[in-house]
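Q: Got a file for you: coords_13.txt, compact mmCIF, C-alpha atoms.
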```
# COMPACT_ATOMS: atom_id res chain seq x y z
CA MET O 1 0.00 0.00 0.00
CA LYS O 2 2.81 2.43 0.82
CA SER O 3 4.53 1.77 -2.52
CA ILE O 4 1.31 2.47 -4.44
CA PHE O 5 0.78 5.69 -2.52
CA SER O 6 4.37 6.78 -3.19
CA VAL O 7 3.89 6.26 -6.94
CA LEU O 8 0.71 8.36 -6.87
CA CYS O 9 2.50 11.14 -5.01
CA LEU O 10 5.30 11.20 -7.60
CA VAL O 11 2.73 11.42 -10.41
CA GLY O 12 1.04 14.33 -8.67
CA LEU O 13 4.32 16.16 -8.14
CA SER O 14 5.18 15.90 -11.87
CA GLY O 15 1.90 17.67 -12.71
CA LEU O 16 2.42 20.31 -10.04
CA SER O 17 5.83 21.28 -11.43
CA TYR O 18 4.12 22.57 -14.62
CA GLY O 19 1.15 24.39 -13.12
CA CYS O 20 2.67 26.39 -10.31
CA ALA O 21 4.72 29.26 -11.65
CA GLY O 22 6.00 32.62 -10.42
CA HIS O 23 5.00 36.04 -11.68
CA LEU O 24 4.49 36.01 -15.46
CA GLN O 25 5.98 38.64 -17.70
CA ALA O 26 5.19 39.37 -21.36
CA GLN O 27 8.47 38.20 -22.86
CA THR O 28 10.39 36.16 -20.19
CA PRO O 29 9.36 32.65 -19.10
CA SER O 30 8.30 32.50 -15.47
CA PRO O 31 10.48 30.66 -12.96
CA SER O 32 9.28 27.31 -11.71
CA LEU O 33 7.45 27.15 -8.39
CA PRO O 34 9.00 25.54 -5.33
CA SER O 35 8.27 21.87 -5.09
CA PRO O 36 5.24 21.16 -2.87
CA SER O 37 5.99 19.60 0.45
CA ILE O 38 4.45 16.24 1.33
CA ILE O 39 3.67 15.35 4.93
CA THR O 40 2.54 11.80 5.62
CA SER O 41 1.21 10.35 8.84
CA ASP O 42 2.67 7.42 10.67
CA SER O 43 2.50 3.95 9.17
CA THR O 44 -0.30 2.81 11.46
CA SER O 45 -2.81 5.27 10.00
CA ASN O 46 -4.89 4.45 6.94
CA ARG O 47 -4.78 8.08 5.67
CA ARG O 48 -2.00 10.19 4.21
CA SER O 49 -1.73 14.00 4.09
CA LEU O 50 -0.20 16.09 1.28
CA ASP O 51 0.59 19.81 1.52
CA VAL O 52 0.77 21.57 -1.86
CA ARG O 53 2.30 25.05 -2.09
CA LEU O 54 0.71 27.05 -4.93
CA THR O 55 1.52 30.41 -6.48
CA LEU O 56 -1.62 32.15 -7.74
CA SER O 57 -2.31 35.44 -9.50
CA SER O 58 -5.63 35.90 -7.72
CA PRO O 59 -7.90 33.93 -5.37
CA ASP O 60 -10.07 33.03 -8.38
CA ASP O 61 -7.27 30.78 -9.64
CA LEU O 62 -8.00 28.37 -6.78
CA LYS O 63 -10.75 26.00 -7.95
CA VAL O 64 -11.47 24.16 -4.66
CA GLN O 65 -12.53 25.09 -1.13
CA GLU O 66 -11.93 23.60 2.28
CA GLY O 67 -13.90 20.43 2.76
CA ASP O 68 -14.30 19.74 -0.96
CA ARG O 69 -14.06 16.17 -2.12
CA VAL O 70 -11.68 15.82 -5.09
CA GLU O 71 -11.01 12.98 -7.45
CA GLN O 72 -7.72 11.97 -8.93
CA GLY O 73 -6.94 14.31 -11.85
CA GLN O 74 -9.41 16.99 -10.75
CA ILE O 75 -8.18 20.58 -11.21
CA LEU O 76 -7.04 22.21 -7.98
CA ALA O 77 -5.72 25.49 -9.39
CA ASP O 78 -5.67 27.03 -12.85
CA ARG O 79 -4.35 30.50 -13.76
CA THR O 80 -6.94 31.16 -16.45
CA ARG O 81 -6.55 34.94 -16.46
CA ASP O 82 -2.82 34.70 -17.05
CA ARG O 83 -3.39 32.11 -19.77
CA ASP O 84 -5.98 34.29 -21.51
CA ARG O 85 -3.67 37.28 -21.31
CA LEU O 86 -0.73 35.36 -22.76
CA GLU O 87 -2.88 33.84 -25.50
CA ALA O 88 -4.13 37.33 -26.42
CA GLN O 89 -0.52 38.52 -26.62
CA ARG O 90 0.36 35.53 -28.79
CA ARG O 91 -2.56 36.21 -31.14
CA GLN O 92 -1.45 39.83 -31.44
CA LEU O 93 2.09 38.72 -32.29
CA GLU O 94 0.77 36.23 -34.84
CA ILE O 95 -1.23 39.01 -36.52
CA GLN O 96 1.91 41.13 -36.66
CA MET O 97 3.77 38.14 -38.13
CA GLU O 98 1.14 37.84 -40.89
CA ARG O 99 1.58 41.51 -41.71
CA LEU O 100 5.34 41.11 -41.85
CA GLN O 101 4.95 38.22 -44.28
CA GLN O 102 3.42 40.54 -46.88
CA PRO O 103 5.74 40.84 -49.91
CA ILE O 104 7.83 43.98 -50.11
CA PRO O 105 7.23 45.85 -53.38
CA GLY O 106 10.24 45.83 -55.65
CA ALA O 107 11.80 48.72 -57.47
CA SER O 108 9.43 50.33 -59.94
CA PRO O 109 10.63 50.19 -63.55
CA SER O 110 12.18 53.45 -64.64
CA ARG O 111 10.62 55.35 -67.50
CA PRO O 112 12.72 55.21 -70.67
CA VAL O 113 14.54 58.41 -71.49
CA PRO O 114 13.51 59.57 -74.98
CA GLU O 115 16.12 59.71 -77.66
CA VAL O 116 17.42 63.05 -78.91
CA ALA O 117 16.93 63.56 -82.63
CA GLY O 118 20.19 64.03 -84.48
CA LEU O 119 21.01 67.15 -86.46
CA PRO O 120 21.01 67.00 -90.24
CA PRO O 121 24.38 67.46 -91.94
CA ALA O 122 25.51 71.05 -92.10
CA SER O 123 25.11 72.50 -95.61
CA PHE O 124 25.59 76.09 -96.80
CA LEU O 125 25.55 75.38 -100.54
CA SER O 126 22.63 77.70 -101.26
CA GLN O 127 24.24 80.61 -99.41
CA VAL O 128 27.59 80.02 -101.10
CA ALA O 129 25.91 79.84 -104.52
CA GLU O 130 24.06 83.07 -103.85
CA ILE O 131 27.33 84.76 -102.88
CA GLU O 132 28.94 83.51 -106.07
CA ARG O 133 26.09 84.89 -108.20
CA ALA O 134 26.27 88.21 -106.38
CA ARG O 135 30.04 88.38 -106.94
CA LEU O 136 29.59 87.76 -110.66
CA LYS O 137 27.02 90.54 -110.82
CA VAL O 138 29.44 92.87 -109.06
CA GLU O 139 32.18 92.03 -111.54
CA GLN O 140 29.82 92.50 -114.47
CA ALA O 141 28.52 95.79 -113.11
CA GLU O 142 32.08 96.98 -112.56
CA ARG O 143 33.06 96.17 -116.17
CA ASN O 144 29.97 97.94 -117.50
CA LEU O 145 30.79 100.97 -115.38
CA MET O 146 34.39 101.08 -116.62
CA GLN O 147 33.35 100.68 -120.25
CA GLN O 148 30.82 103.47 -119.95
CA GLN O 149 33.40 105.67 -118.27
CA ARG O 150 35.91 105.09 -121.11
CA MET O 151 33.22 105.80 -123.72
CA LEU O 152 32.26 109.04 -122.04
CA ASP O 153 35.91 110.06 -121.78
CA MET O 154 36.43 109.33 -125.48
CA LEU O 155 33.34 111.31 -126.48
CA SER O 156 34.39 114.21 -124.32
CA SER O 157 37.77 114.36 -126.10
CA MET O 158 36.15 114.67 -129.51
CA PRO O 159 35.22 118.06 -130.99
CA SER O 160 31.77 119.08 -129.92
CA ALA O 161 30.84 120.09 -133.45
CA SER O 162 31.18 116.52 -134.64
CA LEU O 163 28.79 115.13 -131.99
CA PRO O 164 25.10 115.58 -131.57
CA GLU O 165 24.21 117.93 -128.78
CA ALA O 166 22.39 115.25 -126.70
CA THR O 167 25.18 112.67 -126.90
CA ILE O 168 27.24 113.78 -123.92
CA PRO O 169 24.24 114.23 -121.56
CA HIS O 170 22.85 110.85 -122.61
CA GLU O 171 26.10 109.01 -122.05
CA THR O 172 26.53 110.76 -118.74
CA GLU O 173 23.11 109.49 -117.68
CA VAL O 174 24.08 106.00 -118.76
CA LEU O 175 27.26 106.27 -116.67
CA GLU O 176 25.20 107.17 -113.61
CA GLN O 177 22.97 104.18 -114.27
CA ARG O 178 26.01 101.92 -114.43
CA ARG O 179 27.24 103.32 -111.12
CA ARG O 180 23.88 102.59 -109.49
CA GLU O 181 23.94 99.04 -110.87
CA PHE O 182 27.44 98.54 -109.52
CA THR O 183 26.43 99.85 -106.10
CA GLN O 184 23.37 97.57 -106.05
CA ALA O 185 25.48 94.57 -107.03
CA GLN O 186 27.89 95.29 -104.18
CA ALA O 187 24.96 95.54 -101.74
CA ASP O 188 23.56 92.23 -102.99
CA LEU O 189 26.98 90.62 -102.46
CA GLN O 190 27.16 91.92 -98.91
CA LEU O 191 23.63 90.64 -98.23
CA ALA O 192 24.51 87.18 -99.53
CA GLU O 193 27.62 87.08 -97.36
CA ALA O 194 25.55 88.16 -94.34
CA LYS O 195 23.07 85.34 -95.02
CA LEU O 196 25.93 82.85 -95.02
CA THR O 197 27.22 84.23 -91.73
CA GLN O 198 23.73 84.02 -90.23
CA ALA O 199 23.26 80.44 -91.43
CA GLN O 200 26.58 79.44 -89.89
CA ALA O 201 25.65 81.11 -86.59
CA GLU O 202 22.28 79.34 -86.55
CA ARG O 203 24.03 76.05 -87.18
CA GLN O 204 26.35 76.66 -84.26
CA HIS O 205 23.35 77.46 -82.05
CA GLN O 206 21.60 74.27 -83.15
CA GLU O 207 24.69 72.23 -82.36
CA TYR O 208 24.92 73.89 -78.94
CA VAL O 209 21.26 73.15 -78.17
CA HIS O 210 21.71 69.58 -79.39
CA SER O 211 24.73 69.10 -77.13
CA LEU O 212 22.66 70.40 -74.20
CA GLU O 213 19.87 67.93 -74.98
CA MET O 214 22.37 65.08 -75.20
CA SER O 215 23.86 66.11 -71.85
CA LYS O 216 20.40 66.29 -70.28
CA ARG O 217 19.59 62.83 -71.58
CA ALA O 218 22.84 61.41 -70.21
CA ILE O 219 22.10 63.01 -66.82
CA ALA O 220 18.53 61.63 -66.87
CA ILE O 221 19.83 58.12 -67.61
CA GLN O 222 22.36 58.42 -64.79
CA GLN O 223 19.72 59.68 -62.35
CA ALA O 224 17.37 56.85 -63.31
CA GLU O 225 20.12 54.32 -62.62
CA ILE O 226 20.91 55.96 -59.27
CA GLN O 227 17.22 55.91 -58.35
CA ARG O 228 16.97 52.24 -59.31
CA GLN O 229 19.99 51.42 -57.15
CA GLN O 230 18.50 53.38 -54.25
CA GLN O 231 15.19 51.54 -54.57
CA PHE O 232 17.03 48.22 -54.67
CA GLN O 233 19.04 49.12 -51.58
CA GLU O 234 15.87 50.27 -49.81
CA GLN O 235 14.20 46.97 -50.67
CA GLN O 236 17.18 45.05 -49.27
CA ARG O 237 17.10 47.19 -46.11
CA GLN O 238 13.38 46.53 -45.66
CA GLU O 239 13.90 42.80 -46.16
CA GLN O 240 16.70 42.74 -43.59
CA GLU O 241 14.59 44.76 -41.16
CA ARG O 242 11.65 42.43 -41.74
CA ALA O 243 13.84 39.36 -41.16
CA PHE O 244 15.04 40.91 -37.89
CA GLN O 245 11.48 41.70 -36.82
CA VAL O 246 10.32 38.19 -37.76
CA ALA O 247 13.13 36.71 -35.66
CA GLN O 248 12.08 38.91 -32.73
CA MET O 249 8.43 37.91 -33.16
CA GLU O 250 9.35 34.23 -33.29
CA GLU O 251 11.42 34.62 -30.13
CA LYS O 252 8.55 36.37 -28.34
CA ILE O 253 6.05 33.74 -29.49
CA ALA O 254 8.39 30.97 -28.31
CA ALA O 255 8.70 32.70 -24.92
CA LEU O 256 4.91 32.98 -24.67
CA ASN O 257 4.51 29.32 -25.61
CA ALA O 258 6.97 28.40 -22.88
CA GLN O 259 5.01 30.45 -20.36
CA LEU O 260 1.73 28.92 -21.52
CA PHE O 261 3.26 25.47 -21.16
CA GLN O 262 4.15 26.29 -17.55
CA LEU O 263 0.59 27.45 -16.89
CA SER O 264 -0.83 23.94 -17.04
CA ALA O 265 -3.60 23.35 -14.55
CA VAL O 266 -2.59 21.78 -11.21
CA ARG O 267 -4.46 18.52 -10.77
CA SER O 268 -4.95 16.31 -7.77
CA PRO O 269 -2.57 13.35 -7.81
CA PHE O 270 -5.12 11.18 -6.01
CA SER O 271 -8.63 11.18 -4.63
CA GLY O 272 -9.13 12.79 -1.27
CA THR O 273 -10.46 15.74 0.69
CA ILE O 274 -9.27 19.35 0.92
CA ARG O 275 -8.57 19.53 4.62
CA ARG O 276 -7.23 23.08 4.81
CA ILE O 277 -6.40 26.09 2.61
CA LYS O 278 -3.91 28.55 4.05
CA TYR O 279 -2.85 31.85 2.47
CA ASP O 280 0.84 31.96 3.28
CA GLY O 281 1.69 35.47 2.10
CA GLN O 282 2.51 37.33 -1.11
CA GLN O 283 5.51 37.21 -3.42
CA ASP O 284 5.98 39.54 -6.40
CA GLN O 285 2.26 40.39 -6.54
CA ASN O 286 1.39 36.68 -6.43
CA LEU O 287 -0.44 34.86 -3.67
CA ILE O 288 1.22 31.94 -1.91
CA VAL O 289 -1.33 29.31 -0.92
CA VAL O 290 -0.70 26.07 0.96
CA LEU O 291 -3.35 23.46 0.22
CA SER O 292 -3.58 20.41 2.53
CA LEU O 293 -5.00 17.36 0.81
CA THR O 294 -5.93 14.25 2.77
CA ALA O 295 -5.65 11.19 0.58
CA ASP O 296 -8.06 8.29 0.65
CA VAL O 297 -6.55 4.85 1.12
CA GLY O 298 -8.01 1.40 1.04
CA GLY O 299 -11.64 1.15 0.03
CA ASP O 300 -12.23 4.89 0.06
CA ARG O 301 -10.67 5.12 -3.40
CA ASP O 302 -13.68 3.32 -4.78
CA THR O 303 -16.28 5.32 -2.83
CA ALA O 304 -15.95 8.84 -4.24
CA GLY O 305 -18.32 11.42 -2.77
CA ASP O 306 -18.91 9.68 0.60
CA GLY O 307 -17.99 12.82 2.57
CA ALA O 308 -15.28 15.28 3.44
CA ASP O 309 -13.30 12.74 5.45
CA GLY O 310 -13.38 10.21 2.64
CA GLY O 311 -15.29 7.61 4.69
CA THR O 312 -13.93 4.43 6.22
CA PRO O 313 -12.59 1.41 4.41
CA THR O 314 -15.12 -1.23 3.47
CA ASP O 315 -14.73 -4.94 2.99
```
Please render this file's structure as structure tokens.

A:
Amino acid sequence: MKSIFSVLCLVGLSGLSYGCAGHLQAQTPSPSLPSPSIITSDSTSNRRSLDVRLTLSSPDDLKVQEGDRVEQGQILADRTRDRDRLEAQRRQLEIQMERLQQPIPGASPSRPVPEVAGLPPASFLSQVAEIERARLKVEQAERNLMQQQRMLDMLSSMPSASLPEATIPHETEVLEQRRREFTQAQADLQLAEAKLTQAQAERQHQEYVHSLEMSKRAIAIQQAEIQRQQQFQEQQRQEQERAFQVAQMEEKIAALNAQLFQLSAVRSPFSGTIRRIKYDGQQDQNLIVVLSLTADVGGDRDTAGDGADGGTPTD
């Protein structure tokens, strides 16, 4: 009989080591409770007494009262409020884990930089041709002017009696006309040369603007590449930060699971009667309770509910 009772006591103590824990914190597993003390009567008695030291968060965690009859495996104490609080914290962490598992958006594709249209080949053929025509006109006008001047000089050297009276005035008028034509030809030549100079200046301006556009395009391509690299680095940073946060969440969840595992309900290792409940003080905002359980021996194990004292053995 003593060996059977000793085995039952050891089974009860293994359950008590999980259910009785110290003050719970959100992230750190609680320390194990002190092992309950067992006090047995002398060998001549048919009853045994067991004192269980419990650490409770509140009086509501104690599920029995003095004089209650308990069966083997019946819950003596259960820290339901602490368990609910830890499970709520775990659910919150699991929700945060689900949010962290959302994919991180990658770098957005950069918009293509438009090409810069090339300049047509530089050509001043029309301006050069116009200058050449104007130069020929100047030369022709100059020859006409010189010929008219020589004719007028020759006529002036002749005797006036041998010439009609209107000859000299007429040739003089023709000479003035040739001078005006020569002056106009020179002006046309200068205008043609100015057009060539203007065309060359416009070409230089076009080349300058084109070089600016090419430089802007090169800068835009470089900036797009820099932005893409920055987005890629930001994505890597976010992934590293997420991995760190996930590791922290997993560590916190593991700590909560360990605390929940230690919050297993304390069950009676055998059938018996709650003889006494004593509040033995307070430790770290927890209540220390000593529960005295009188075990049934002999026939009382098969007569559950006979009374607070467990009844007397029967044949």

Q: What does the structure give for the distance between CA of Ala141 (chain O) and CA of Arg179 (chain O), in Å to one decimal?

A: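 Atom-to-atom, CA of Ala141 (chain O) and CA of Arg179 (chain O) are spaced 7.9 Å apart.
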
Q: Provide an axis-aligned box for all listed atoms of region 139-152 of chain O, padding each side by 8 Å; report its centre and its edge lengths in Å to one decimal, as lines of an AutoDock Vina configuration file.

A:
```
center_x = 32.2
center_y = 100.5
center_z = -117.6
size_x = 23.4
size_y = 33.0
size_z = 28.2
```

Q: Which residues, written as a list in words, have at least one atom at most 10 Å from region 183-196 of chain O, with all atoms listed in the file counted and residues fewer than 6 positions away on the same chain left out?

A: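 Returned residues: Phe124, Leu125, Ser126, Gln127, Val128, Ala129, Glu130, Ile131, Glu132, Arg133, Ala134, Arg135, Leu136, Lys137, Val138, Glu139, Gln140, Ala141, Glu142, Gln177 and Glu202 of chain O.
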
Q: Need to verify the contact set: region 231-245 of chain O, 12 Å, all atoms listed in the file, exclusion of same-chain residues closer than 4 positions in sequence. Can you return it as a short mmCIF file (atom, residue, chain, number, x, y, z; two decimals) with C-alpha atoms, in the coordinates of the input?

A:
```
data_model
loop_
_atom_site.label_atom_id
_atom_site.label_comp_id
_atom_site.auth_asym_id
_atom_site.auth_seq_id
_atom_site.Cartn_x
_atom_site.Cartn_y
_atom_site.Cartn_z
CA LEU O 93 2.09 38.72 -32.29
CA GLN O 96 1.91 41.13 -36.66
CA MET O 97 3.77 38.14 -38.13
CA GLU O 98 1.14 37.84 -40.89
CA ARG O 99 1.58 41.51 -41.71
CA LEU O 100 5.34 41.11 -41.85
CA GLN O 101 4.95 38.22 -44.28
CA GLN O 102 3.42 40.54 -46.88
CA PRO O 103 5.74 40.84 -49.91
CA ILE O 104 7.83 43.98 -50.11
CA PRO O 105 7.23 45.85 -53.38
CA GLY O 106 10.24 45.83 -55.65
CA ALA O 107 11.80 48.72 -57.47
CA SER O 108 9.43 50.33 -59.94
CA PRO O 109 10.63 50.19 -63.55
CA SER O 110 12.18 53.45 -64.64
CA ALA O 224 17.37 56.85 -63.31
CA GLU O 225 20.12 54.32 -62.62
CA ILE O 226 20.91 55.96 -59.27
CA GLN O 227 17.22 55.91 -58.35
CA MET O 249 8.43 37.91 -33.16
CA GLU O 250 9.35 34.23 -33.29
CA GLU O 251 11.42 34.62 -30.13
CA LYS O 252 8.55 36.37 -28.34
#
```

Q: So how far away is CA of Gln248 (chain O) from CA of Gln285 (chain O), in Å?

A: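 A separation of 28.0 Å between them.
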
Q: Excluding Leu260 (chain O) and any residue of its chain fewer than 2 positions from it, enumerate the residues within 8 Å of it, using all atoms listed in the file, and give them as a PDB file with C-alpha atoms, keeping the file's coordinate frame.

A:
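Saved result, result_5.pdb, follows:
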```
ATOM      1  CA  ARG O  83      -3.390  32.110 -19.770  1.00  0.00           C
ATOM      2  CA  LEU O  86      -0.730  35.360 -22.760  1.00  0.00           C
ATOM      3  CA  GLU O  87      -2.880  33.840 -25.500  1.00  0.00           C
ATOM      4  CA  LEU O 256       4.910  32.980 -24.670  1.00  0.00           C
ATOM      5  CA  ASN O 257       4.510  29.320 -25.610  1.00  0.00           C
ATOM      6  CA  ALA O 258       6.970  28.400 -22.880  1.00  0.00           C
ATOM      7  CA  GLN O 262       4.150  26.290 -17.550  1.00  0.00           C
ATOM      8  CA  LEU O 263       0.590  27.450 -16.890  1.00  0.00           C
ATOM      9  CA  SER O 264      -0.830  23.940 -17.040  1.00  0.00           C
TER      10      SER O 264
END
```

Q: Using CA of Leu152 (chain O) and CA of Phe182 (chain O) as the two end points, give the distance in Å to one decimal.

A: 17.0 Å

Q: Would you kindly return, as a list in words, each protein, DNA or RNA residue with an atom no farther than 12 Å from any atom of Val113 (chain O), considering all atoms listed in the file and excluding same-chain residues fewer than 3 positions away?

A: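 Contacts, with the query itself left out: Ser110, Val116, Glu213, Met214, Lys216, Arg217, Ala218, Ile219, Ala220, Ile221, Gln222, Gln223, Ala224 and Glu225 of chain O.
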
Q: Just the residues within 8 Å of Gln72 (chain O), please, counting only C-alpha atoms, with nothing from its chain fewer than 2 positions along; format it as an MDAnalysis selection string.

A: chainID O and resid 70 74 267:272

Q: Restricting the calculation to only C-alpha atoms, which member of O:Arg53, O:Arg81, O:Arg228, O:Arg111 is positioned closest to Gly281 (chain O)?

A: O:Arg53

Q: Mind dumping region 273-282 of chain O from that block, keeping all heavy atoms, as an mmCIF file, in the first residue's frame?

A:
```cif
data_model
loop_
_atom_site.group_PDB
_atom_site.id
_atom_site.type_symbol
_atom_site.label_atom_id
_atom_site.label_comp_id
_atom_site.auth_asym_id
_atom_site.auth_seq_id
_atom_site.Cartn_x
_atom_site.Cartn_y
_atom_site.Cartn_z
ATOM 1 N N THR O 273 -9.665 14.630 0.180
ATOM 2 C CA THR O 273 -10.458 15.743 0.690
ATOM 3 C C THR O 273 -9.539 16.925 0.968
ATOM 4 O O THR O 273 -8.422 16.751 1.474
ATOM 5 C CB THR O 273 -11.190 15.346 1.978
ATOM 6 O OG1 THR O 273 -12.005 14.200 1.714
ATOM 7 C CG2 THR O 273 -12.072 16.483 2.482
ATOM 8 N N ILE O 274 -10.012 18.129 0.608
ATOM 9 C CA ILE O 274 -9.275 19.348 0.915
ATOM 10 C C ILE O 274 -9.479 19.634 2.402
ATOM 11 O O ILE O 274 -10.559 20.061 2.831
ATOM 12 C CB ILE O 274 -9.753 20.528 0.060
ATOM 13 C CG1 ILE O 274 -9.669 20.186 -1.431
ATOM 14 C CG2 ILE O 274 -8.941 21.775 0.366
ATOM 15 C CD1 ILE O 274 -8.286 19.856 -1.908
ATOM 16 N N ARG O 275 -8.436 19.379 3.170
ATOM 17 C CA ARG O 275 -8.565 19.532 4.616
ATOM 18 C C ARG O 275 -8.400 20.983 5.045
ATOM 19 O O ARG O 275 -9.114 21.464 5.927
ATOM 20 C CB ARG O 275 -7.524 18.652 5.318
ATOM 21 C CG ARG O 275 -7.589 18.707 6.847
ATOM 22 C CD ARG O 275 -6.706 17.621 7.455
ATOM 23 N NE ARG O 275 -5.348 17.706 6.936
ATOM 24 C CZ ARG O 275 -4.410 18.498 7.473
ATOM 25 N NH1 ARG O 275 -4.696 19.278 8.498
ATOM 26 N NH2 ARG O 275 -3.193 18.520 6.969
ATOM 27 N N ARG O 276 -7.478 21.708 4.390
ATOM 28 C CA ARG O 276 -7.226 23.079 4.807
ATOM 29 C C ARG O 276 -6.627 23.866 3.638
ATOM 30 O O ARG O 276 -5.877 23.324 2.832
ATOM 31 C CB ARG O 276 -6.255 23.117 5.999
ATOM 32 C CG ARG O 276 -6.052 24.531 6.570
ATOM 33 C CD ARG O 276 -5.087 24.511 7.732
ATOM 34 N NE ARG O 276 -3.765 24.041 7.318
ATOM 35 C CZ ARG O 276 -2.700 23.970 8.116
ATOM 36 N NH1 ARG O 276 -2.836 24.295 9.401
ATOM 37 N NH2 ARG O 276 -1.543 23.542 7.664
ATOM 38 N N ILE O 277 -6.991 25.152 3.575
ATOM 39 C CA ILE O 277 -6.398 26.087 2.609
ATOM 40 C C ILE O 277 -5.857 27.262 3.399
ATOM 41 O O ILE O 277 -6.604 27.954 4.098
ATOM 42 C CB ILE O 277 -7.431 26.567 1.571
ATOM 43 C CG1 ILE O 277 -7.923 25.387 0.728
ATOM 44 C CG2 ILE O 277 -6.829 27.643 0.668
ATOM 45 C CD1 ILE O 277 -9.019 25.765 -0.250
ATOM 46 N N LYS O 278 -4.566 27.496 3.278
ATOM 47 C CA LYS O 278 -3.913 28.547 4.055
ATOM 48 C C LYS O 278 -3.215 29.519 3.105
ATOM 49 O O LYS O 278 -2.405 29.108 2.273
ATOM 50 C CB LYS O 278 -2.892 27.932 5.010
ATOM 51 C CG LYS O 278 -2.125 28.980 5.821
ATOM 52 C CD LYS O 278 -1.079 28.316 6.698
ATOM 53 C CE LYS O 278 -0.266 29.351 7.463
ATOM 54 N NZ LYS O 278 0.799 28.713 8.279
ATOM 55 N N TYR O 279 -3.537 30.807 3.234
ATOM 56 C CA TYR O 279 -2.849 31.848 2.469
ATOM 57 C C TYR O 279 -1.568 32.208 3.212
ATOM 58 O O TYR O 279 -1.604 32.756 4.314
ATOM 59 C CB TYR O 279 -3.743 33.068 2.289
ATOM 60 C CG TYR O 279 -4.880 32.823 1.324
ATOM 61 C CD1 TYR O 279 -6.093 32.324 1.769
ATOM 62 C CD2 TYR O 279 -4.716 33.068 -0.032
ATOM 63 C CE1 TYR O 279 -7.127 32.072 0.881
ATOM 64 C CE2 TYR O 279 -5.750 32.829 -0.923
ATOM 65 C CZ TYR O 279 -6.952 32.336 -0.470
ATOM 66 O OH TYR O 279 -7.974 32.093 -1.349
ATOM 67 N N ASP O 280 -0.447 31.895 2.590
ATOM 68 C CA ASP O 280 0.843 31.962 3.276
ATOM 69 C C ASP O 280 1.634 33.218 2.922
ATOM 70 O O ASP O 280 2.845 33.247 3.087
ATOM 71 C CB ASP O 280 1.670 30.720 2.923
ATOM 72 C CG ASP O 280 2.782 30.488 3.935
ATOM 73 O OD1 ASP O 280 2.636 30.949 5.077
ATOM 74 O OD2 ASP O 280 3.798 29.868 3.560
ATOM 75 N N GLY O 281 0.981 34.227 2.373
ATOM 76 C CA GLY O 281 1.686 35.472 2.096
ATOM 77 C C GLY O 281 1.622 35.847 0.618
ATOM 78 O O GLY O 281 0.838 35.296 -0.165
ATOM 79 N N GLN O 282 2.494 36.798 0.254
ATOM 80 C CA GLN O 282 2.515 37.332 -1.106
ATOM 81 C C GLN O 282 3.960 37.444 -1.572
ATOM 82 O O GLN O 282 4.849 37.809 -0.809
ATOM 83 C CB GLN O 282 1.836 38.705 -1.148
ATOM 84 C CG GLN O 282 1.718 39.300 -2.537
ATOM 85 C CD GLN O 282 0.897 40.579 -2.536
ATOM 86 O OE1 GLN O 282 0.300 40.931 -1.525
ATOM 87 N NE2 GLN O 282 0.873 41.267 -3.660
#
```
